[in-house]
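final-v4.txt follows (compact mmCIF, C-alpha atoms):
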```txt
# COMPACT_ATOMS: atom_id res chain seq x y z
CA MET A 1 -31.32 6.45 -14.69
CA SER A 2 -32.05 3.80 -12.17
CA GLU A 3 -31.07 0.84 -14.31
CA PRO A 4 -27.29 1.33 -14.29
CA GLN A 5 -27.44 1.92 -10.55
CA ASP A 6 -29.24 -1.39 -10.10
CA ARG A 7 -26.59 -3.09 -12.13
CA ILE A 8 -23.82 -1.59 -10.03
CA GLU A 9 -25.61 -2.68 -6.89
CA ASN A 10 -26.01 -6.20 -8.22
CA LYS A 11 -22.37 -6.32 -9.15
CA SER A 12 -21.31 -5.40 -5.65
CA ARG A 13 -23.66 -8.02 -4.23
CA ARG A 14 -22.21 -10.54 -6.59
CA SER A 15 -18.63 -9.87 -5.58
CA PHE A 16 -19.54 -9.83 -1.90
CA VAL A 17 -21.35 -13.13 -1.93
CA GLY A 18 -18.85 -14.65 -4.33
CA ALA A 19 -16.02 -13.75 -1.96
CA ALA A 20 -17.92 -15.16 0.99
CA ALA A 21 -18.57 -18.39 -0.91
CA VAL A 22 -14.92 -18.74 -1.86
CA ALA A 23 -14.02 -18.32 1.78
CA GLY A 24 -15.98 -21.49 2.41
CA ALA A 25 -18.70 -19.68 4.27
CA SER A 26 -21.47 -20.27 1.73
CA ALA A 27 -23.66 -21.92 4.36
CA GLY A 28 -23.58 -18.77 6.44
CA VAL A 29 -24.14 -16.30 3.63
CA ALA A 30 -27.90 -16.21 4.08
CA ALA A 31 -27.54 -15.25 7.74
CA LEU A 32 -24.81 -12.70 7.04
CA ALA A 33 -26.79 -10.84 4.46
CA PRO A 34 -30.53 -10.99 5.08
CA GLY A 35 -32.76 -9.78 2.30
CA LEU A 36 -30.30 -10.42 -0.50
CA LYS A 37 -31.75 -12.03 -3.58
CA LEU A 38 -29.11 -14.70 -3.61
CA ILE A 39 -30.41 -16.49 -6.67
CA GLU A 40 -29.08 -13.62 -8.74
CA VAL A 41 -25.58 -14.16 -7.55
CA ALA A 42 -24.23 -17.55 -6.77
CA GLY A 43 -27.33 -19.68 -6.70
CA ALA A 44 -25.75 -21.47 -3.77
CA ALA A 45 -28.33 -20.14 -1.34
CA PRO A 46 -31.97 -21.08 -0.88
CA ARG A 47 -34.38 -19.54 -3.31
CA ALA A 48 -36.93 -17.28 -1.66
CA PRO A 49 -40.41 -18.82 -1.25
CA GLY A 50 -42.56 -18.02 -4.25
CA GLU A 51 -39.63 -17.40 -6.55
CA PRO A 52 -39.41 -19.69 -9.60
CA ALA A 53 -36.24 -21.37 -10.82
CA SER A 54 -34.31 -18.97 -13.02
CA SER A 55 -32.77 -19.59 -16.42
CA ALA A 56 -29.87 -17.41 -15.27
CA VAL A 57 -28.72 -20.52 -13.42
CA ARG A 58 -27.47 -23.68 -15.10
CA TRP A 59 -26.82 -26.38 -12.56
CA GLY A 60 -23.93 -28.63 -13.42
CA MET A 61 -21.62 -31.21 -11.97
CA LEU A 62 -17.95 -31.91 -12.50
CA ILE A 63 -16.69 -35.39 -11.67
CA ASP A 64 -12.97 -36.05 -11.35
CA THR A 65 -12.58 -39.73 -12.21
CA THR A 66 -8.92 -39.72 -11.17
CA LYS A 67 -10.10 -39.38 -7.56
CA CYS A 68 -12.93 -41.91 -7.87
CA ALA A 69 -12.04 -45.24 -6.25
CA SER A 70 -13.20 -48.45 -7.88
CA GLY A 71 -14.76 -50.12 -4.87
CA CYS A 72 -16.40 -47.02 -3.42
CA ASP A 73 -20.15 -46.52 -3.72
CA ALA A 74 -20.68 -43.78 -1.14
CA CYS A 75 -22.48 -41.60 -3.71
CA VAL A 76 -24.87 -44.41 -4.64
CA LYS A 77 -25.68 -45.09 -0.99
CA ALA A 78 -26.18 -41.41 -0.19
CA CYS A 79 -28.51 -41.08 -3.17
CA ALA A 80 -30.58 -44.05 -2.03
CA THR A 81 -30.83 -42.67 1.51
CA GLU A 82 -31.74 -39.17 0.45
CA ASN A 83 -34.26 -40.17 -2.18
CA GLY A 84 -35.82 -43.10 -0.34
CA ILE A 85 -34.75 -45.73 -2.85
CA ASN A 86 -35.07 -48.57 -0.39
CA GLU A 87 -37.47 -51.07 -1.96
CA THR A 88 -36.56 -54.71 -2.45
CA VAL A 89 -37.22 -55.83 -6.00
CA LYS A 90 -37.72 -59.43 -7.08
CA ASP A 91 -35.59 -59.03 -10.19
CA PRO A 92 -32.46 -56.90 -9.78
CA ARG A 93 -32.98 -55.56 -13.30
CA GLN A 94 -36.08 -53.76 -12.00
CA GLY A 95 -34.26 -51.80 -9.32
CA SER A 96 -34.12 -48.03 -9.68
CA GLN A 97 -30.70 -46.63 -10.46
CA TRP A 98 -30.54 -42.87 -10.16
CA ILE A 99 -26.76 -43.11 -9.97
CA ARG A 100 -24.54 -46.12 -10.53
CA LYS A 101 -20.83 -46.83 -10.38
CA ILE A 102 -19.16 -47.99 -13.58
CA ASP A 103 -15.73 -49.56 -13.93
CA LEU A 104 -14.14 -49.19 -17.36
CA LYS A 105 -10.97 -50.64 -18.81
CA ASP A 106 -9.21 -49.66 -21.98
CA PRO A 107 -8.45 -53.10 -23.52
CA LYS A 108 -5.41 -51.81 -25.40
CA THR A 109 -3.59 -49.96 -22.67
CA GLY A 110 -5.10 -51.66 -19.65
CA GLN A 111 -5.91 -48.33 -18.06
CA GLU A 112 -8.84 -48.55 -15.67
CA TYR A 113 -11.38 -45.92 -14.74
CA SER A 114 -14.15 -45.83 -12.22
CA LEU A 115 -16.89 -43.26 -12.39
CA PRO A 116 -20.43 -42.56 -11.25
CA MET A 117 -22.99 -42.35 -14.06
CA LEU A 118 -26.16 -40.40 -13.49
CA CYS A 119 -28.64 -38.28 -15.42
CA GLN A 120 -26.47 -35.88 -17.39
CA HIS A 121 -29.09 -33.10 -17.30
CA CYS A 122 -28.67 -32.29 -20.98
CA GLU A 123 -29.43 -28.88 -22.38
CA HIS A 124 -31.24 -30.69 -25.24
CA PRO A 125 -32.57 -33.79 -23.50
CA PRO A 126 -33.72 -36.63 -25.81
CA CYS A 127 -36.06 -37.83 -23.05
CA VAL A 128 -37.97 -34.56 -23.27
CA ASP A 129 -38.10 -34.77 -27.08
CA VAL A 130 -39.74 -38.18 -27.12
CA CYS A 131 -42.14 -37.87 -24.19
CA PRO A 132 -45.68 -38.22 -25.55
CA THR A 133 -47.38 -36.52 -22.60
CA GLY A 134 -44.97 -33.72 -21.73
CA ALA A 135 -44.13 -35.35 -18.41
CA SER A 136 -40.42 -35.36 -19.16
CA MET A 137 -39.33 -31.78 -18.76
CA LYS A 138 -36.40 -29.46 -18.20
CA ARG A 139 -36.69 -26.83 -15.51
CA ALA A 140 -35.51 -23.29 -16.20
CA ASP A 141 -32.31 -23.90 -14.25
CA GLY A 142 -31.38 -26.90 -16.38
CA ILE A 143 -32.54 -29.72 -14.10
CA VAL A 144 -34.28 -32.44 -16.10
CA LEU A 145 -37.25 -33.91 -14.23
CA VAL A 146 -40.19 -36.25 -14.69
CA ASP A 147 -43.61 -34.80 -13.88
CA ARG A 148 -45.04 -37.97 -12.40
CA HIS A 149 -48.48 -36.40 -12.30
CA ILE A 150 -48.74 -36.87 -16.04
CA CYS A 151 -46.18 -39.66 -16.65
CA ILE A 152 -47.96 -42.72 -18.10
CA GLY A 153 -44.96 -45.03 -17.70
CA CYS A 154 -44.50 -45.69 -21.42
CA ARG A 155 -40.70 -45.74 -21.06
CA TYR A 156 -39.96 -44.01 -24.37
CA CYS A 157 -37.62 -41.72 -22.44
CA MET A 158 -35.75 -44.72 -21.06
CA MET A 159 -35.09 -45.89 -24.60
CA ALA A 160 -34.17 -42.40 -25.82
CA CYS A 161 -31.64 -41.72 -23.06
CA PRO A 162 -28.09 -42.45 -24.26
CA TYR A 163 -26.90 -42.76 -20.66
CA LYS A 164 -29.39 -45.35 -19.32
CA ALA A 165 -30.15 -42.81 -16.67
CA ARG A 166 -33.83 -43.52 -16.15
CA SER A 167 -35.68 -46.26 -14.31
CA LEU A 168 -39.29 -47.36 -14.05
CA VAL A 169 -40.79 -48.13 -10.66
CA HIS A 170 -42.29 -51.60 -10.97
CA MET A 171 -43.93 -52.03 -7.60
CA PRO A 172 -46.05 -50.09 -5.10
CA LEU A 173 -43.94 -48.05 -2.69
CA THR A 174 -44.71 -47.03 0.87
CA GLU A 175 -41.54 -45.62 2.41
CA GLN A 176 -40.89 -42.53 0.31
CA ASN A 177 -39.10 -39.48 1.58
CA PRO A 178 -41.88 -36.86 1.97
CA LEU A 179 -39.84 -34.44 -0.14
CA VAL A 180 -39.19 -36.99 -2.86
CA PRO A 181 -42.47 -38.47 -4.07
CA ARG A 182 -42.06 -41.57 -6.22
CA GLY A 183 -44.36 -44.41 -7.07
CA GLN A 184 -45.34 -47.35 -9.19
CA GLY A 185 -45.77 -46.95 -12.92
CA CYS A 186 -43.71 -43.80 -13.33
CA VAL A 187 -40.28 -43.26 -14.79
CA GLU A 188 -37.75 -41.53 -12.57
CA ALA A 189 -34.14 -40.40 -12.62
CA CYS A 190 -31.59 -38.32 -10.79
CA THR A 191 -33.04 -34.90 -9.94
CA PHE A 192 -29.73 -33.34 -8.83
CA CYS A 193 -31.51 -33.62 -5.43
CA VAL A 194 -33.74 -30.76 -6.47
CA GLN A 195 -35.33 -30.65 -3.00
CA ARG A 196 -31.89 -29.95 -1.52
CA VAL A 197 -30.68 -27.59 -4.24
CA ASP A 198 -33.79 -25.42 -3.80
CA ARG A 199 -32.88 -25.12 -0.12
CA GLY A 200 -29.34 -24.07 -0.99
CA GLN A 201 -27.77 -27.45 -0.24
CA GLN A 202 -25.62 -29.69 -2.39
CA PRO A 203 -26.84 -32.96 -3.90
CA ALA A 204 -26.45 -35.91 -1.52
CA CYS A 205 -23.86 -37.70 -3.69
CA VAL A 206 -21.63 -34.63 -3.83
CA GLU A 207 -21.70 -34.24 -0.06
CA ALA A 208 -21.07 -37.92 0.52
CA CYS A 209 -18.06 -38.35 -1.77
CA PRO A 210 -15.10 -39.10 0.53
CA GLU A 211 -12.58 -38.01 -2.12
CA LYS A 212 -14.41 -34.77 -3.00
CA ALA A 213 -14.36 -36.00 -6.58
CA MET A 214 -17.75 -34.43 -7.34
CA LEU A 215 -18.32 -30.71 -7.63
CA PHE A 216 -21.75 -29.15 -8.01
CA GLY A 217 -22.55 -25.58 -8.93
CA ASN A 218 -23.87 -22.99 -11.31
CA LEU A 219 -22.15 -23.20 -14.70
CA ASN A 220 -23.54 -19.80 -15.65
CA ASP A 221 -21.91 -17.96 -12.74
CA PRO A 222 -18.33 -17.09 -13.68
CA ASN A 223 -17.45 -16.80 -9.99
CA SER A 224 -18.53 -20.33 -9.13
CA GLU A 225 -15.82 -22.93 -8.60
CA ILE A 226 -17.29 -25.25 -11.21
CA ALA A 227 -17.41 -22.56 -13.90
CA GLN A 228 -13.81 -21.58 -13.20
CA ARG A 229 -12.57 -25.16 -13.30
CA VAL A 230 -14.51 -25.96 -16.46
CA ALA A 231 -12.99 -22.86 -18.05
CA LYS A 232 -9.40 -23.75 -17.11
CA GLU A 233 -9.20 -27.54 -17.06
CA LYS A 234 -9.94 -30.12 -19.70
CA THR A 235 -13.31 -31.76 -19.16
CA THR A 236 -15.19 -34.35 -21.17
CA GLN A 237 -18.83 -34.79 -21.98
CA VAL A 238 -19.80 -38.43 -22.43
CA ARG A 239 -20.97 -38.99 -26.01
CA ALA A 240 -20.18 -35.39 -26.86
CA ASP A 241 -20.87 -36.33 -30.49
CA LEU A 242 -24.58 -36.23 -29.71
CA LYS A 243 -24.25 -32.49 -29.05
CA LEU A 244 -26.63 -32.54 -26.08
CA ASN A 245 -24.54 -30.06 -24.05
CA LEU A 246 -24.49 -32.02 -20.81
CA GLY A 247 -24.71 -30.56 -17.33
CA VAL A 248 -22.42 -33.31 -16.02
CA ARG A 249 -18.80 -33.25 -17.09
CA TYR A 250 -16.00 -35.66 -16.36
CA GLN A 251 -12.26 -35.29 -15.94
CA GLY A 252 -9.67 -38.01 -16.51
CA ILE A 253 -11.55 -40.10 -19.06
CA MET B 1 -106.21 -33.85 -0.89
CA LYS B 2 -105.80 -34.50 2.79
CA GLN B 3 -104.50 -37.97 2.02
CA THR B 4 -101.97 -36.64 -0.51
CA LEU B 5 -100.69 -34.10 2.00
CA ALA B 6 -100.37 -36.76 4.65
CA ALA B 7 -98.46 -39.00 2.29
CA LEU B 8 -96.18 -36.12 1.29
CA ALA B 9 -95.56 -35.23 4.92
CA ALA B 10 -94.78 -38.86 5.68
CA VAL B 11 -92.27 -39.00 2.83
CA LEU B 12 -90.65 -35.74 3.91
CA LEU B 13 -90.39 -36.88 7.48
CA LEU B 14 -89.05 -40.25 6.52
CA ALA B 15 -86.53 -38.97 3.97
CA PRO B 16 -83.72 -38.23 6.42
CA VAL B 17 -84.26 -41.57 8.12
CA LEU B 18 -84.14 -43.39 4.81
CA ALA B 19 -81.04 -41.50 3.72
CA SER B 20 -79.20 -42.17 6.95
CA ALA B 21 -79.90 -45.83 6.55
CA GLY B 22 -77.46 -45.83 3.60
CA THR B 23 -73.74 -45.24 3.73
CA PRO B 24 -72.82 -43.70 7.06
CA LYS B 25 -71.43 -40.18 6.97
CA PRO B 26 -67.66 -40.01 7.31
CA ASP B 27 -66.54 -39.62 10.88
CA LEU B 28 -63.68 -37.16 10.56
CA LYS B 29 -61.31 -36.49 13.37
CA ILE B 30 -59.05 -33.47 12.95
CA GLU B 31 -55.98 -33.90 15.09
CA ASN B 32 -54.87 -30.29 14.97
CA PRO B 33 -58.03 -28.22 14.45
CA GLY B 34 -58.27 -24.52 13.73
CA SER B 35 -55.06 -24.01 11.79
CA CYS B 36 -56.22 -24.80 8.28
CA ILE B 37 -55.10 -22.60 5.39
CA ALA B 38 -58.73 -21.82 4.41
CA PRO B 39 -62.26 -22.12 5.88
CA VAL B 40 -63.72 -25.62 5.95
CA PRO B 41 -66.32 -25.13 3.16
CA GLU B 42 -63.65 -23.79 0.83
CA MET B 43 -61.29 -26.62 1.64
CA ARG B 44 -64.02 -29.21 1.09
CA ARG B 45 -64.86 -27.80 -2.30
CA ASN B 46 -61.49 -26.65 -3.59
CA HIS B 47 -58.67 -28.61 -1.95
CA MET B 48 -58.07 -30.60 -5.13
CA GLU B 49 -57.75 -27.46 -7.23
CA MET B 50 -55.38 -25.87 -4.73
CA LEU B 51 -53.16 -28.91 -4.75
CA LYS B 52 -53.27 -29.29 -8.51
CA HIS B 53 -52.14 -25.74 -9.17
CA THR B 54 -49.49 -25.99 -6.50
CA ARG B 55 -48.06 -29.19 -7.90
CA ASP B 56 -47.54 -27.66 -11.33
CA ARG B 57 -45.94 -24.51 -9.97
CA THR B 58 -43.68 -26.43 -7.63
CA LEU B 59 -42.51 -29.08 -10.03
CA ARG B 60 -42.43 -27.22 -13.33
CA GLN B 61 -41.42 -23.75 -12.21
CA GLY B 62 -39.57 -24.72 -9.06
CA ILE B 63 -41.59 -22.43 -6.79
CA ARG B 64 -41.19 -23.51 -3.17
CA GLY B 65 -43.09 -22.45 -0.07
CA GLU B 66 -46.59 -22.65 -1.54
CA LYS B 67 -49.50 -22.30 0.85
CA ALA B 68 -51.14 -25.60 -0.10
CA SER B 69 -49.01 -28.73 0.08
CA LEU B 70 -49.60 -32.39 0.76
CA ASN B 71 -46.91 -32.36 3.44
CA GLY B 72 -48.83 -29.47 4.98
CA CYS B 73 -52.02 -31.57 4.91
CA ILE B 74 -50.53 -34.49 6.79
CA ASN B 75 -48.97 -32.27 9.45
CA CYS B 76 -52.46 -31.58 10.81
CA HIS B 77 -54.57 -34.36 9.41
CA ALA B 78 -52.52 -37.53 9.91
CA SER B 79 -54.09 -39.68 12.60
CA LYS B 80 -52.21 -39.70 15.86
CA THR B 81 -52.80 -43.44 16.24
CA THR B 82 -51.81 -44.64 12.78
CA GLY B 83 -49.71 -41.62 11.78
CA SER B 84 -51.38 -41.67 8.37
CA VAL B 85 -54.17 -39.94 6.43
CA LEU B 86 -55.08 -43.32 4.94
CA GLY B 87 -56.62 -46.47 6.39
CA GLN B 88 -59.67 -46.92 8.61
CA GLY B 89 -60.74 -43.49 9.83
CA GLY B 90 -57.91 -41.81 7.93
CA PHE B 91 -58.75 -38.17 7.18
CA CYS B 92 -58.41 -38.41 3.40
CA GLN B 93 -59.61 -41.94 2.89
CA GLU B 94 -62.75 -41.62 5.03
CA CYS B 95 -64.25 -38.89 2.84
CA HIS B 96 -62.99 -40.20 -0.46
CA THR B 97 -64.52 -43.61 0.23
CA TYR B 98 -67.82 -41.96 1.13
CA ALA B 99 -67.77 -39.84 -2.04
CA ALA B 100 -66.42 -42.73 -4.16
CA VAL B 101 -63.59 -40.57 -5.49
CA LYS B 102 -60.33 -42.32 -6.29
CA LEU B 103 -57.50 -41.10 -4.11
CA ASP B 104 -54.12 -41.56 -5.74
CA CYS B 105 -52.01 -38.73 -4.32
CA TRP B 106 -50.59 -41.08 -1.75
CA ASP B 107 -49.46 -43.69 -4.25
CA CYS B 108 -46.38 -41.53 -4.68
CA HIS B 109 -46.48 -39.01 -1.82
CA GLN B 110 -45.70 -40.17 1.70
CA PRO B 111 -49.03 -40.44 3.61
CA LYS B 112 -47.45 -40.75 7.05
CA ALA B 113 -46.36 -37.89 9.24
CA GLY B 114 -43.20 -37.93 11.32
CA ASN B 115 -40.39 -40.49 11.23
CA HIS B 116 -40.08 -39.86 7.53
CA GLU B 117 -38.03 -36.71 7.53
CA ALA B 118 -35.48 -36.47 4.76
CA VAL B 119 -32.36 -38.09 6.04
CA GLY B 120 -29.69 -37.26 3.54
CA VAL B 121 -26.15 -36.66 4.68
CA LYS B 122 -24.80 -33.81 6.73
CA PRO B 123 -22.85 -31.18 4.85
```
In structure tokens, write the structure found in this file.
Amino acid sequence: MSEPQDRIENKSRRSFVGAAAVAGASAGVAALAPGLKLIEVAGAAPRAPGEPASSAVRWGMLIDTTKCASGCDACVKACATENGINETVKDPRQGSQWIRKIDLKDPKTGQEYSLPMLCQHCEHPPCVDVCPTGASMKRADGIVLVDRHICIGCRYCMMACPYKARSLVHMPLTEQNPLVPRGQGCVEACTFCVQRVDRGQQPACVEACPEKAMLFGNLNDPNSEIAQRVAKEKTTQVRADLKLNLGVRYQGI
Amino acid sequence: MKQTLAALAAVLLLAPVLASAGTPKPDLKIENPGSCIAPVPEMRRNHMEMLKHTRDRTLRQGIRGEKASLNGCINCHASKTTGSVLGQGGFCQECHTYAAVKLDCWDCHQPKAGNHEAVGVKP
């Protein structure tokens, strides 16, 4: 019976890598344990070349709004740098916003919040439902993407998105990041920095946050920090009434 | 009969001259020769298919490290003077102009090599 043995082996790998990750050594895990199929365990390591994204992983983000300062836009700047969002638009309404800072105030109590709003990477994304060409899609690991190869720029997804998370590129671009293709006539949105995540890195906004208010990880892995915090602490999905099961959760709102 | 043969021979001899009087053949300069992922005839005929299949696997399934990639193309084929595969004498544009095939990969993908590495932020 080889199957149970495999399971035992996987379990020991899981605990080993999980422990290493908790010790803050996740960057060094790949070097410590060559040949491990790390996608099976924490998902915090680069996926091997040729291996597709796995539905065993559900990427998610937890944003603690109590730590998020009103005037700070480090996440927005990091996103623009990483993803090459550097074009100058004639009309500011045409500018791409993969992530934006929002200041909210409860008019009755006067309580103020500040939070970053980005693509919520829904489990049941309305943008995917409405897309007439199939360009709007959800990857196996829960990251919602636009396949620009077949996007016709109709913007139905922009209207369907309850979070105003998508933008249309209105002008020709020339200074893209080679790993982040983007161009005129296509809709685009936050990709959770898929090019970084596939290499085992964190999204640019998460790394840039000076208050460490953003946490990124695999919601399906019970050993991941995000899964443990989501299990223990109260978190909110924006417009939870829509029952989209968001990948991005907030605290303190 | 003799006249017909002479006329035919004249046409056959002249044909290459007449053809070369049209659009000049693309003058391709390969900056980093000999390290292509497949033999030249195969690349000429099938590069679009390779890239098309790769793009779907990479984007939709998340498979990284494919053999064929546009970033791989520009590593060898971007001109050392302009840094690009486009423009006058650019590796991609030269042939596509000659063959009158629209080239729109580079509307979204970065056609220049070097100086465009992902910047991001340090962990």
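Once Cys186 (chain A) and its same-chain neighbours fewer than 6 positions away are set aside, A:Ser96, A:Ala135, A:Ser136, A:Leu145, A:Val146, A:Asp147, A:Arg148, A:His149, A:Ile150, A:Cys151, A:Ile152, A:Gly153, A:Cys154, A:Arg155, A:Tyr156, A:Cys157, A:Met158, A:Arg166, A:Ser167, A:Leu168, A:Val169, A:His170, A:Met171, A:Pro172, A:Leu173, B:Asp107, B:Cys108 remain within 12 Å of it when counting only C-alpha atoms.
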Any chance you could tabulate, as CSV, the residues of chain A at most 6 Å from chain B with each one's nearest atom pair and distance in Å to one decimal, using all atoms listed in the file, in chain and rising number order?
```
residue,atom,partner,partner_atom,distance
A:Pro49,CA,B:Gly65,CA,4.7
A:Gly50,CA,B:Ile63,CA,5.2
A:Glu51,CA,B:Ile63,CA,5.4
A:Pro52,CA,B:Ile63,CA,4.5
A:Ala53,CA,B:Gly62,CA,5.0
A:Thr81,CA,B:Gly120,CA,5.9
A:Glu82,CA,B:Gly120,CA,4.2
A:Gln176,CA,B:Gln110,CA,5.5
A:Asn177,CA,B:Ala118,CA,5.7
A:Pro178,CA,B:Gln110,CA,5.1
A:Pro181,CA,B:His109,CA,4.6
A:Arg182,CA,B:Cys108,CA,4.6
A:Gly183,CA,B:Cys108,CA,4.3
A:Glu207,CA,B:Pro123,CA,5.9
```
Polymer residues at most 7 Å from Pro126 (chain A), all atoms listed in the file, same-chain spacing of 2 or more positions, as a ChimeraX atom specification: /A:124,128-130,160-161
Suppose you want the space between CA of Trp59 (chain A) and CA of Lys234 (chain A); what is it in Å? 18.7 Å
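The coordinates place CA of Cys190 (chain A) at 28.4 Å from CA of Val85 (chain B).
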Quick one: distance from CA of Pro162 (chain A) to CA of Gln120 (chain A) in Å, one decimal? 9.6 Å
Applying 12 Å and only C-alpha atoms, which residues near His77 (chain B) remain after dropping the ones on its own chain fewer than 5 positions away? List them as a PyMOL selection string. chain B and resi 28-36+70-72+82-86+89-94+111-113
Which one is closest to Arg249 (chain A): A:Thr65, A:Asn220, A:Ser70, A:Ser114? Count all atoms listed in the file.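 Selected residue with least distance to Arg249 (chain A): A:Thr65.
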Given 8 Å of margin on each side, can you work out the centre and size in Å (one decimal) of an axis-aligned box holding every listed atom of region 115-132 of chain A, as lines of an AutoDock Vina configuration file?
```
center_x = -31.3
center_y = -36.1
center_z = -19.2
size_x = 44.8
size_y = 30.4
size_z = 31.9
```
Find, counting all atoms listed in the file, the residue in A:Phe192, A:Asn245, A:Val230, A:Gln184 that gets nearest to Asp104 (chain B).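 Selected residue with least distance to Asp104 (chain B): A:Gln184.
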Please write as a ChimeraX atom specification the list of polymer residues whose atoms come within 12 Å of (-19.3, -46.9, -2.3), counting all atoms listed in the file and keeping to the coordinates of the file. /A:68-80,99-102,114-116,205,208-211
For the selection just defined, write its residues with C-alpha atoms to a file, as a tab-separated table (two decimals), in the coordinates of the input.
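Here's the written file selection36.tsv:
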```
chain	number	residue	atom	x	y	z
A	68	CYS	CA	-12.93	-41.91	-7.87
A	69	ALA	CA	-12.04	-45.24	-6.25
A	70	SER	CA	-13.20	-48.45	-7.88
A	71	GLY	CA	-14.76	-50.12	-4.87
A	72	CYS	CA	-16.40	-47.02	-3.42
A	73	ASP	CA	-20.15	-46.52	-3.72
A	74	ALA	CA	-20.68	-43.78	-1.14
A	75	CYS	CA	-22.48	-41.60	-3.71
A	76	VAL	CA	-24.87	-44.41	-4.64
A	77	LYS	CA	-25.68	-45.09	-0.99
A	78	ALA	CA	-26.18	-41.41	-0.19
A	79	CYS	CA	-28.51	-41.08	-3.17
A	80	ALA	CA	-30.58	-44.05	-2.03
A	99	ILE	CA	-26.76	-43.11	-9.97
A	100	ARG	CA	-24.54	-46.12	-10.53
A	101	LYS	CA	-20.83	-46.83	-10.38
A	102	ILE	CA	-19.16	-47.99	-13.58
A	114	SER	CA	-14.15	-45.83	-12.22
A	115	LEU	CA	-16.89	-43.26	-12.39
A	116	PRO	CA	-20.43	-42.56	-11.25
A	205	CYS	CA	-23.86	-37.70	-3.69
A	208	ALA	CA	-21.07	-37.92	0.52
A	209	CYS	CA	-18.06	-38.35	-1.77
A	210	PRO	CA	-15.10	-39.10	0.53
A	211	GLU	CA	-12.58	-38.01	-2.12
```
